[in-house]
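Okay, so here's the structure we're looking at.
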2 protein chains.
Amino acid sequence: MPVQEFEVPEAFDDDATQSLTIQAYSKLRASIISGALAPGQRLKVESLRDLIEVGATPIREALSLLTSDGLVERLDKRGFRVSGVSLEEYDDLHRTRCFLEEHALRESIVRGDQAWEDRLVLVMHRLRRLPRTVNDAEGTRSNPEWERMHKLFHMSLLAASPSRTLLQFCDQLHDRLNRYRSVAATGAPGPRDWKSEHDAIGEAVIDRNADLAVSLLLQHYNKTTEILRQTLAALK
Amino acid sequence: MPVQEFEVPEAFDDDATQSLTIQAYSKLRASIISGALAPGQRLKVESLRDLIEVGATPIREALSLLTSDGLVERLDKRGFRVSGVSLEEYDDLHRTRCFLEEHALRESIVRGDQAWEDRLVLVMHRLRRLPRTVNDAEGTRSNPEWERMHKLFHMSLLAASPSRTLLQFCDQLHDRLNRYRSVAATGAPGPRDWKSEHDAIGEAVIDRNADLAVSLLLQHYNKTTEILRQTLAALK
DNA sequence: GGTCAAGGTTTTATCGATTATTTTTCTTTC
DNA sequence: GAAAGAAAAATAATCGATAAAACCTTGACC
């Protein structure tokens with residue numbers, strides 16, 4: 001039968017020491033966030049078995065985990081599917097993220113110690129040196145290494161916040177919004193001066209200038225949103 | 001995670017029509033929140049099989065779902081256990097809840113329509129009529145019906161907020177904090193005028209007096225916290 | 001021409017058994 | 001007597017097979 005070939009992104013935790021459940025979870029998650037598994041697409045356990053080469057139990061467990069992350073929907077007795085996307089949900093996620101991250105960032109700036117600052121500087125340095133895109137057979141596309149470091153950068157900004165719970169929520173929102181970014185991406189990312197934006201945010205944070213940092217961060221997110229909303233509206 | 005809808009849930013979802021996974025999930029969740037399964041306790045699949053009378057697969061899936069709810073911890077290759085409790089986590093959850101709910105409540109008050117208001121009145125009425133405790137063989141203990149309606153009351157306050165995501169976070173925090181309340185409860189709940197507190201909050205909300213409503217709500221939560229922190233500190 | 005239902009097909013959900021891993025216990029050695 | 005190592009027991013993880021449910025036909029009937 002014509003099982004659609006899903007593209008599995010490279011560079012995931014293939015750590016053979018982890019349980020197959022966790023391995024399957026990582027792979028599926030990466031595939032969904034990168035858009036390789038399209039929104040709304042049904043996730044049949046049998047097909048996924050072929051894809052990941054693992055039994056049904058780990059697959060189902062991984063899907064259950066993803067359900068709670070908001071990346072997969074469970075239709076009781078009718079299987080799983082990749083969560084749908086909508087402009088409404090996107091706006092909701094975006095606004096909620098801005099709300100939560102402003103708070104976390106202010107806390108982080110107040111509480112951050114030297115170790116936190118050092119780490120942030122390191123991450124910024126690494127991010128700056130990574131190319132935004134890579135070229136392969138398919139043409140130009142987003143660089144997965146950059147994606148990883150980019151998320152790490154944003155989480156590092158907040159990392160000194162004392163609230164683990166808040167950070168977890170922010171983490172989840174990042175993943176869900178990154179999926180929107182991937183899904184709405186039309187080929188290569190447009191020209192944008194990421195480096196300056198990130199540097200400016202990072203600098204304000206290190207200067208402990210909370211108001212400026214928050215303002216720059218929200219601007220940063222809003223800029224992405226402006227671009228994405230149009231593409232998303234068209235998709236619908 | 002199955003998003004808890006705000007429909008008034010009828011009794012218990014022991015619905016035989018649901019998948020065993022969901023049934024197991026509901027049961028385990030209730031047991032953990034009520035404290036019947038103690039914090040830190042190991043959850044061996046074999047034992048749970050006997051308890052819930054179901055195969056290993058649904059159990060493992062249910063545990064995976066609970067993991068993302070923060071009620072169960074997964075130790076890779078070493079099974080599952082009920083999440084531990086700590087004063088630090090409690091404070092974090094409490095503060096985060098206050099932060100999120102203040103925001104959601106203000107939005108809800110601004111956006112709430114007639115249907116929302118009607119519903120809130122109904123829930124308040126039902127909550128008022130439920131006894132806080134019940135007596136059974138074990139003695140006096142919290143009334144599960146009351147618990148359910150109490151949560152419904154609090155979620156109904158926020159229900160008109162336009163942010164589904166925020167409401168989901170609040171929902172999760174409620175469950176996790178309710179577990180702390182159960183765990184720290186020493187026998188019968190102490191004397192406290194719940195009815196007046198709830199009525200005052202509800203009234204302020206219906207009057208669309210946001211500042212007063214927020215103030216009363218936070219006071220309400222802080223009062224619980226004061227009581228619990230002491231018991232928790234002792235437990236440790 | 002459309003609707004409904006019986007039967008067949010696909011897919012999900014579930015189980016019992018098997019394999020792999022961790023933990024415990026028991027030796028052995030220094 | 002403590003530490004290290006090996007064997008045994010416990011239990012977690014996984015698989016293949018089966019049962020159950022949802023979904024597609026297809027064809028009879030109005």
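Residue numbers start at 1 in each chain; chains themselves are named A, B, ... in the order of the structure tokens; ligands are numbered from 1 in the order shown.
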Contacts of chain D with chain A up to 9 Å, shortest pair per row, only C-alpha atoms (C1' of nucleotides), as CSV:
residue,atom,partner,partner_atom,distance
D:DA13,C1',A:Ser19,CA,7.4
D:DT14,C1',A:Gly55,CA,6.8
D:DC15,C1',A:Gly55,CA,6.0
D:DG16,C1',A:Gly55,CA,8.9
D:DA21,C1',A:Lys77,CA,7.3
D:DA22,C1',A:Arg78,CA,7.1
- Item | All residues 10 Å or closer to A:Met149, only C-alpha atoms (C1' of nucleotides), same chain fewer than 6 positions away omitted, as number ranges by chain | A: 123-124, 126-128, 130, 155
- Determine which residues of chain B sit within 7 Å of chain A, taking into account only C-alpha atoms, and present them as a list in words. Met1, Ser19, Thr57, Glu61, Ser64, Leu65, Ser68, Asp76, Lys77, Asp92, Leu93, Thr96, Ser163, Thr165 and Leu166 of chain B
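Across all paired C-alpha atoms, chain A deviates from chain B by 5.6 Å RMSD after optimal superposition.
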- Task: With a distance cut-off of 8 Å and only C-alpha atoms (C1' of nucleotides), select the neighbouring residues of B:Leu157, excluding the residue or stretch itself and same-chain residues fewer than 2 positions from it, and output the selection as a ChimeraX atom specification.
- Result: /B:105,108,120,153-155,159-160,202,205
Store the residues picked out above, limited to N, CA and C atoms, as a PDB file, in the first residue's frame.
ATOM      1  N   LEU B 105      -8.607  35.689  35.260  1.00  0.00           N
ATOM      2  CA  LEU B 105      -9.834  36.201  35.869  1.00  0.00           C
ATOM      3  C   LEU B 105     -10.179  37.592  35.338  1.00  0.00           C
ATOM      4  N   SER B 108     -11.501  37.196  31.963  1.00  0.00           N
ATOM      5  CA  SER B 108     -12.823  36.566  32.017  1.00  0.00           C
ATOM      6  C   SER B 108     -13.888  37.583  32.393  1.00  0.00           C
ATOM      7  N   LEU B 120     -22.123  30.371  35.861  1.00  0.00           N
ATOM      8  CA  LEU B 120     -21.414  30.585  37.118  1.00  0.00           C
ATOM      9  C   LEU B 120     -22.394  30.579  38.293  1.00  0.00           C
ATOM     10  N   PHE B 153     -16.208  25.292  40.067  1.00  0.00           N
ATOM     11  CA  PHE B 153     -16.472  26.686  40.425  1.00  0.00           C
ATOM     12  C   PHE B 153     -15.291  27.565  40.043  1.00  0.00           C
ATOM     13  N   HIS B 154     -14.114  27.144  40.465  1.00  0.00           N
ATOM     14  CA  HIS B 154     -12.946  27.977  40.192  1.00  0.00           C
ATOM     15  C   HIS B 154     -12.675  28.092  38.698  1.00  0.00           C
ATOM     16  N   MET B 155     -12.852  26.998  37.983  1.00  0.00           N
ATOM     17  CA  MET B 155     -12.628  27.078  36.538  1.00  0.00           C
ATOM     18  C   MET B 155     -13.727  27.906  35.866  1.00  0.00           C
ATOM     19  N   ALA B 159     -13.634  30.903  33.049  1.00  0.00           N
ATOM     20  CA  ALA B 159     -14.013  30.265  31.778  1.00  0.00           C
ATOM     21  C   ALA B 159     -14.186  31.221  30.610  1.00  0.00           C
ATOM     22  N   ALA B 160     -14.473  32.478  30.885  1.00  0.00           N
ATOM     23  CA  ALA B 160     -14.710  33.409  29.777  1.00  0.00           C
ATOM     24  C   ALA B 160     -13.416  34.011  29.241  1.00  0.00           C
ATOM     25  N   GLY B 202     -17.559  35.065  43.971  1.00  0.00           N
ATOM     26  CA  GLY B 202     -18.535  34.981  42.877  1.00  0.00           C
ATOM     27  C   GLY B 202     -19.279  36.290  42.698  1.00  0.00           C
ATOM     28  N   VAL B 205     -17.173  38.892  41.063  1.00  0.00           N
ATOM     29  CA  VAL B 205     -16.996  38.583  39.642  1.00  0.00           C
ATOM     30  C   VAL B 205     -18.242  38.989  38.857  1.00  0.00           C
TER      31      VAL B 205
END
- Message: With 9 Å as the limit and counting only C-alpha atoms (C1' of nucleotides), what residues in chain C lie close to chain A? Please list them as a PyMOL selection string.
- Response: chain C and resi 11-13
